[in-house]
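query-v2.cif, holding mmCIF, C-alpha atoms:
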data_coords
loop_
_atom_site.label_atom_id
_atom_site.label_comp_id
_atom_site.auth_asym_id
_atom_site.auth_seq_id
_atom_site.Cartn_x
_atom_site.Cartn_y
_atom_site.Cartn_z
CA MET A 80 42.46 63.56 -58.70
CA GLY A 81 39.32 65.69 -58.86
CA PRO A 82 37.26 67.21 -56.04
CA THR A 83 34.61 64.47 -56.13
CA GLU A 84 37.15 61.70 -55.61
CA LEU A 85 38.93 63.71 -52.92
CA LEU A 86 35.63 64.20 -51.09
CA LYS A 87 34.91 60.47 -51.25
CA GLN A 88 38.31 59.79 -49.76
CA ALA A 89 37.77 62.47 -47.10
CA ALA A 90 34.44 60.91 -46.12
CA ALA A 91 36.11 57.50 -45.87
CA ALA A 92 38.91 58.97 -43.75
CA LEU A 93 36.36 60.62 -41.46
CA GLN A 94 34.48 57.34 -41.13
CA ALA A 95 37.76 55.58 -40.26
CA GLY A 96 38.64 58.16 -37.60
CA GLN A 97 41.53 59.57 -39.59
CA TRP A 98 40.79 63.21 -38.77
CA LYS A 99 44.02 64.72 -40.13
CA GLN A 100 43.76 62.87 -43.43
CA CYS A 101 40.13 63.99 -43.77
CA SER A 102 41.13 67.60 -43.12
CA ASP A 103 44.07 67.44 -45.54
CA LEU A 104 41.89 66.02 -48.33
CA CYS A 105 39.26 68.70 -47.76
CA ASP A 106 41.99 71.37 -47.82
CA ARG A 107 42.95 70.14 -51.28
CA VAL A 108 39.35 70.44 -52.48
CA LEU A 109 39.04 73.93 -50.99
CA LEU A 110 42.16 75.09 -52.82
CA VAL A 111 40.38 74.37 -56.10
CA GLU A 112 36.81 75.13 -54.97
CA PRO A 113 36.94 77.55 -52.02
CA GLY A 114 33.17 77.61 -51.59
CA ASN A 115 32.62 73.85 -51.63
CA PRO A 116 30.14 73.24 -48.78
CA ALA A 117 30.73 69.47 -48.65
CA ALA A 118 34.46 70.00 -48.12
CA ARG A 119 33.82 72.58 -45.39
CA HIS A 120 31.27 70.30 -43.75
CA LEU A 121 33.56 67.26 -43.72
CA ARG A 122 36.58 69.30 -42.66
CA GLY A 123 34.56 70.95 -39.90
CA ILE A 124 33.60 67.57 -38.46
CA GLY A 125 37.12 66.23 -38.87
CA VAL A 126 38.82 69.13 -37.13
CA LEU A 127 36.19 69.07 -34.38
CA GLN A 128 36.92 65.41 -33.75
CA ASP A 129 40.63 66.29 -33.74
CA GLY A 130 40.06 68.92 -31.02
CA GLN A 131 40.40 72.01 -33.22
CA VAL A 132 37.17 73.49 -31.98
CA GLN A 133 37.57 77.08 -33.23
CA ARG A 134 38.48 75.91 -36.72
CA ALA A 135 35.43 73.63 -36.67
CA VAL A 136 33.19 76.55 -35.67
CA GLU A 137 34.53 78.62 -38.57
CA ASP A 138 33.93 75.89 -41.16
CA LEU A 139 30.55 74.78 -39.86
CA GLU A 140 29.25 78.35 -39.47
CA GLN A 141 29.98 78.92 -43.16
CA VAL A 142 28.10 75.76 -44.09
CA VAL A 143 25.07 76.55 -41.93
CA ASP A 144 25.00 80.20 -43.04
CA ALA A 145 25.02 79.16 -46.70
CA HIS A 146 22.72 76.16 -46.22
CA PRO A 147 20.42 76.67 -43.20
CA SER A 148 18.56 73.44 -43.96
CA ASN A 149 21.74 71.39 -43.40
CA THR A 150 20.75 70.10 -39.98
CA HIS A 151 23.67 67.68 -39.79
CA ALA A 152 26.10 70.59 -40.04
CA ALA A 153 23.96 72.49 -37.52
CA LEU A 154 24.25 69.60 -35.05
CA PHE A 155 28.04 69.62 -35.28
CA LEU A 156 28.15 73.44 -35.18
CA GLY A 157 26.05 73.36 -32.02
CA ARG A 158 28.43 70.81 -30.51
CA ALA A 159 31.46 72.94 -31.47
CA LEU A 160 29.87 76.05 -29.99
CA ARG A 161 29.13 74.16 -26.76
CA LEU A 162 32.73 72.99 -26.59
CA SER A 163 33.78 76.65 -27.09
CA ASP A 164 31.61 77.52 -24.09
CA ARG A 165 29.31 79.49 -26.37
CA ASN A 166 26.17 77.81 -25.09
CA GLU A 167 23.80 80.70 -25.76
CA ASP A 168 24.98 80.77 -29.39
CA ALA A 169 24.60 77.00 -29.68
CA ILE A 170 20.99 76.88 -28.46
CA PRO A 171 19.24 78.38 -31.53
CA VAL A 172 21.49 76.37 -33.86
CA LEU A 173 20.58 73.14 -32.08
CA GLU A 174 16.91 74.09 -31.91
CA SER A 175 16.91 74.17 -35.70
CA ALA A 176 18.63 70.77 -35.84
CA VAL A 177 16.02 69.22 -33.51
CA ARG A 178 13.43 69.59 -36.27
CA ASP A 179 15.18 66.91 -38.34
CA SER A 180 13.79 63.57 -37.19
CA ASN A 181 16.94 61.77 -38.40
CA ILE A 182 19.15 63.55 -35.88
CA ALA A 183 16.61 64.80 -33.33
CA ILE A 184 17.84 62.60 -30.48
CA ASP A 185 21.46 63.72 -30.84
CA ALA A 186 20.40 67.35 -31.30
CA ARG A 187 18.13 67.26 -28.22
CA TYR A 188 20.95 65.81 -26.14
CA GLU A 189 23.36 68.56 -27.25
CA LEU A 190 20.64 71.18 -26.74
CA ALA A 191 19.95 69.97 -23.20
CA ARG A 192 23.66 70.12 -22.38
CA CYS A 193 23.89 73.71 -23.64
CA MET A 194 20.76 74.78 -21.79
CA SER A 195 22.04 73.22 -18.60
CA ARG A 196 25.40 75.00 -18.92
CA ALA A 197 23.54 78.24 -19.66
CA ARG A 198 21.71 77.77 -16.34
CA ARG A 199 18.41 77.00 -18.06
CA SER A 200 17.74 73.76 -16.19
CA ARG A 201 13.97 73.70 -16.72
CA ASP A 202 14.41 74.09 -20.46
CA ALA A 203 17.11 71.41 -20.41
CA ILE A 204 14.86 68.91 -18.66
CA LYS A 205 12.20 69.38 -21.34
CA GLN A 206 14.66 68.16 -23.98
CA TYR A 207 14.93 64.79 -22.25
CA ARG A 208 11.19 64.11 -22.47
#
Using the file provided, produce a representation of the structure as structure tokens.
Amino acid sequence: MGPTELLKQAAAALQAGQWKQCSDLCDRVLLVEPGNPAARHLRGIGVLQDGQVQRAVEDLEQVVDAHPSNTHAALFLGRALRLSDRNEDAIPVLESAVRDSNIAIDARYELARCMSRARRSRDAIKQYR
């Protein structure tokens, strides 16, 4: 089975909440194509959902570094950084994700949570407006 089919299966596993299966399928893609951003993106979300926060940060940082316009990956990276208690690192990542109208609400919510934890309450309140 080729990388494209494996990625389709990984996306379906992610959608079904089968985090380990998603991660395993992405691992198989990354063995053949180590730089595949879609596999890193899906695996990053899957491992984040599975509670492997540091592994998620590593995958999603690679995706966002290589593809700064990938605001969906930025949203999940920001969430992973927040869960790692790296709120100050998460803020600029989430600020970039807020610019995407398709995910702005989720990104603003995550951004407000990070700002609040970073003791920036006034900035956090602005995200709720």
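When the PyMOL selection byres ((chain A and resi 174) around 10) is evaluated on the file shown here, the picked residues come out as A:Thr150, A:Ala153, A:Leu154, A:Gly157, A:Ala169, A:Ile170, A:Pro171, A:Val172, A:Leu173, A:Ser175, A:Ala176, A:Val177, A:Arg178, A:Asp179, A:Ala183, A:Ala186, A:Arg187, A:Glu189, A:Leu190.
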Prev. selection, C-alpha atoms, output as a short mmCIF file (atom, residue, chain, number, x, y, z; two decimals), in the coordinates of the input:
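Contents of part39.cif, freshly written:
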data_model
loop_
_atom_site.label_atom_id
_atom_site.label_comp_id
_atom_site.auth_asym_id
_atom_site.auth_seq_id
_atom_site.Cartn_x
_atom_site.Cartn_y
_atom_site.Cartn_z
CA THR A 150 20.75 70.10 -39.98
CA ALA A 153 23.96 72.49 -37.52
CA LEU A 154 24.25 69.60 -35.05
CA GLY A 157 26.05 73.36 -32.02
CA ALA A 169 24.60 77.00 -29.68
CA ILE A 170 20.99 76.88 -28.46
CA PRO A 171 19.24 78.38 -31.53
CA VAL A 172 21.49 76.37 -33.86
CA LEU A 173 20.58 73.14 -32.08
CA SER A 175 16.91 74.17 -35.70
CA ALA A 176 18.63 70.77 -35.84
CA VAL A 177 16.02 69.22 -33.51
CA ARG A 178 13.43 69.59 -36.27
CA ASP A 179 15.18 66.91 -38.34
CA ALA A 183 16.61 64.80 -33.33
CA ALA A 186 20.40 67.35 -31.30
CA ARG A 187 18.13 67.26 -28.22
CA GLU A 189 23.36 68.56 -27.25
CA LEU A 190 20.64 71.18 -26.74
#
So that I can see what lies close to Val126 of chain A, please list as a VMD selection string the residues with an atom at most 8 Å from it, counting all atoms listed in the file and leaving out residues fewer than 5 positions away in the same chain.
chain A and resid 98 to 99 102 131 to 132 134 to 135
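With the shown file loaded, the PyMOL selection byres ((chain A and resi 104-115) around 10) picks out Met80, Gly81, Pro82, Thr83, Glu84, Leu85, Leu86, Lys87, Gln88, Ala89, Ala90, Ala92, Lys99, Gln100, Cys101, Ser102, Asp103, Pro116, Ala117, Ala118, Arg119, His120, Leu121, Arg122, Gly123, Gly125, Gln141, Val142 and Ala145 of chain A.
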The selected residues should be written to file as a CSV table (one decimal), in the frame of the given file (atoms: C-alpha atoms).
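See again26.csv below for the written result:
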chain,number,residue,atom,x,y,z
A,80,MET,CA,42.5,63.6,-58.7
A,81,GLY,CA,39.3,65.7,-58.9
A,82,PRO,CA,37.3,67.2,-56.0
A,83,THR,CA,34.6,64.5,-56.1
A,84,GLU,CA,37.2,61.7,-55.6
A,85,LEU,CA,38.9,63.7,-52.9
A,86,LEU,CA,35.6,64.2,-51.1
A,87,LYS,CA,34.9,60.5,-51.2
A,88,GLN,CA,38.3,59.8,-49.8
A,89,ALA,CA,37.8,62.5,-47.1
A,90,ALA,CA,34.4,60.9,-46.1
A,92,ALA,CA,38.9,59.0,-43.8
A,99,LYS,CA,44.0,64.7,-40.1
A,100,GLN,CA,43.8,62.9,-43.4
A,101,CYS,CA,40.1,64.0,-43.8
A,102,SER,CA,41.1,67.6,-43.1
A,103,ASP,CA,44.1,67.4,-45.5
A,116,PRO,CA,30.1,73.2,-48.8
A,117,ALA,CA,30.7,69.5,-48.6
A,118,ALA,CA,34.5,70.0,-48.1
A,119,ARG,CA,33.8,72.6,-45.4
A,120,HIS,CA,31.3,70.3,-43.8
A,121,LEU,CA,33.6,67.3,-43.7
A,122,ARG,CA,36.6,69.3,-42.7
A,123,GLY,CA,34.6,71.0,-39.9
A,125,GLY,CA,37.1,66.2,-38.9
A,141,GLN,CA,30.0,78.9,-43.2
A,142,VAL,CA,28.1,75.8,-44.1
A,145,ALA,CA,25.0,79.2,-46.7
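Between atom CA of Asp164 of chain A and atom CA of Arg201 of chain A the interatomic distance comes to 19.5 Å.
Reported to one decimal place, the separation of atom CA of Ser195 of chain A from atom CA of Arg158 of chain A is 13.7 Å.
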Computed gap from atom CA of His151 of chain A to atom CA of Asp129 of chain A is 18.1 Å
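Residues with any atom within 9 Å of Leu160 of chain A, counting only C-alpha atoms and excluding same-chain neighbours fewer than 4 positions away, are A:Val132, A:Gln133, A:Val136, A:Phe155, A:Leu156, A:Asp164, A:Arg165, A:Asn166, A:Glu167, A:Asp168, A:Ala169.
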Which residues fall under the PyMOL selection byres ((chain A and resi 203) around 8) in this file, as a ChimeraX atom specification?
/A:190-195,199-202,204-207
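Between Ser163 of chain A and the residues A:Val143, A:Ile182, A:Leu127, A:Leu93, the shortest atom-to-atom distance, using only C-alpha atoms, involves A:Leu127.
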Take segment 185-207 of chain A, model N, CA and C atoms, and hand the result over as a PDB file, in the coordinates of the input.
ATOM      1  N   ASP A 185      20.127  63.143 -31.069  1.00  0.00           N
ATOM      2  CA  ASP A 185      21.460  63.720 -30.840  1.00  0.00           C
ATOM      3  C   ASP A 185      21.367  65.225 -30.610  1.00  0.00           C
ATOM      4  N   ALA A 186      20.538  65.890 -31.413  1.00  0.00           N
ATOM      5  CA  ALA A 186      20.400  67.350 -31.300  1.00  0.00           C
ATOM      6  C   ALA A 186      19.769  67.718 -29.956  1.00  0.00           C
ATOM      7  N   ARG A 187      18.759  66.970 -29.518  1.00  0.00           N
ATOM      8  CA  ARG A 187      18.130  67.260 -28.220  1.00  0.00           C
ATOM      9  C   ARG A 187      19.131  67.079 -27.071  1.00  0.00           C
ATOM     10  N   TYR A 188      19.943  66.047 -27.173  1.00  0.00           N
ATOM     11  CA  TYR A 188      20.950  65.810 -26.140  1.00  0.00           C
ATOM     12  C   TYR A 188      21.931  66.985 -26.069  1.00  0.00           C
ATOM     13  N   GLU A 189      22.439  67.415 -27.218  1.00  0.00           N
ATOM     14  CA  GLU A 189      23.360  68.560 -27.250  1.00  0.00           C
ATOM     15  C   GLU A 189      22.660  69.823 -26.745  1.00  0.00           C
ATOM     16  N   LEU A 190      21.409  70.005 -27.150  1.00  0.00           N
ATOM     17  CA  LEU A 190      20.640  71.180 -26.740  1.00  0.00           C
ATOM     18  C   LEU A 190      20.460  71.189 -25.217  1.00  0.00           C
ATOM     19  N   ALA A 191      20.124  70.047 -24.648  1.00  0.00           N
ATOM     20  CA  ALA A 191      19.950  69.970 -23.200  1.00  0.00           C
ATOM     21  C   ALA A 191      21.254  70.299 -22.469  1.00  0.00           C
ATOM     22  N   ARG A 192      22.366  69.824 -22.995  1.00  0.00           N
ATOM     23  CA  ARG A 192      23.660  70.120 -22.380  1.00  0.00           C
ATOM     24  C   ARG A 192      23.950  71.622 -22.406  1.00  0.00           C
ATOM     25  N   CYS A 193      23.661  72.254 -23.539  1.00  0.00           N
ATOM     26  CA  CYS A 193      23.890  73.710 -23.640  1.00  0.00           C
ATOM     27  C   CYS A 193      22.975  74.475 -22.705  1.00  0.00           C
ATOM     28  N   MET A 194      21.712  74.087 -22.663  1.00  0.00           N
ATOM     29  CA  MET A 194      20.760  74.780 -21.790  1.00  0.00           C
ATOM     30  C   MET A 194      21.152  74.631 -20.330  1.00  0.00           C
ATOM     31  N   SER A 195      21.603  73.451 -19.971  1.00  0.00           N
ATOM     32  CA  SER A 195      22.040  73.220 -18.600  1.00  0.00           C
ATOM     33  C   SER A 195      23.244  74.101 -18.255  1.00  0.00           C
ATOM     34  N   ARG A 196      24.211  74.167 -19.159  1.00  0.00           N
ATOM     35  CA  ARG A 196      25.400  75.000 -18.920  1.00  0.00           C
ATOM     36  C   ARG A 196      25.056  76.482 -18.913  1.00  0.00           C
ATOM     37  N   ALA A 197      23.979  76.840 -19.629  1.00  0.00           N
ATOM     38  CA  ALA A 197      23.540  78.240 -19.660  1.00  0.00           C
ATOM     39  C   ALA A 197      22.593  78.550 -18.494  1.00  0.00           C
ATOM     40  N   ARG A 198      22.539  77.628 -17.545  1.00  0.00           N
ATOM     41  CA  ARG A 198      21.710  77.770 -16.340  1.00  0.00           C
ATOM     42  C   ARG A 198      20.225  77.845 -16.675  1.00  0.00           C
ATOM     43  N   ARG A 199      19.812  77.085 -17.672  1.00  0.00           N
ATOM     44  CA  ARG A 199      18.410  77.000 -18.060  1.00  0.00           C
ATOM     45  C   ARG A 199      17.938  75.558 -17.820  1.00  0.00           C
ATOM     46  N   SER A 200      18.001  75.148 -16.557  1.00  0.00           N
ATOM     47  CA  SER A 200      17.740  73.760 -16.190  1.00  0.00           C
ATOM     48  C   SER A 200      16.343  73.297 -16.569  1.00  0.00           C
ATOM     49  N   ARG A 201      15.339  74.108 -16.365  1.00  0.00           N
ATOM     50  CA  ARG A 201      13.970  73.700 -16.720  1.00  0.00           C
ATOM     51  C   ARG A 201      13.840  73.436 -18.212  1.00  0.00           C
ATOM     52  N   ASP A 202      14.439  74.300 -19.008  1.00  0.00           N
ATOM     53  CA  ASP A 202      14.410  74.090 -20.460  1.00  0.00           C
ATOM     54  C   ASP A 202      15.188  72.824 -20.833  1.00  0.00           C
ATOM     55  N   ALA A 203      16.293  72.600 -20.137  1.00  0.00           N
ATOM     56  CA  ALA A 203      17.110  71.410 -20.410  1.00  0.00           C
ATOM     57  C   ALA A 203      16.338  70.132 -20.137  1.00  0.00           C
ATOM     58  N   ILE A 204      15.643  70.101 -19.031  1.00  0.00           N
ATOM     59  CA  ILE A 204      14.860  68.910 -18.660  1.00  0.00           C
ATOM     60  C   ILE A 204      13.818  68.588 -19.705  1.00  0.00           C
ATOM     61  N   LYS A 205      13.221  69.599 -20.297  1.00  0.00           N
ATOM     62  CA  LYS A 205      12.200  69.380 -21.340  1.00  0.00           C
ATOM     63  C   LYS A 205      12.774  68.644 -22.550  1.00  0.00           C
ATOM     64  N   GLN A 206      14.044  68.821 -22.811  1.00  0.00           N
ATOM     65  CA  GLN A 206      14.660  68.160 -23.980  1.00  0.00           C
ATOM     66  C   GLN A 206      14.809  66.662 -23.778  1.00  0.00           C
ATOM     67  N   TYR A 207      14.791  66.228 -22.528  1.00  0.00           N
ATOM     68  CA  TYR A 207      14.930  64.790 -22.250  1.00  0.00           C
ATOM     69  C   TYR A 207      13.603  64.051 -22.290  1.00  0.00           C
TER      70      TYR A 207
END
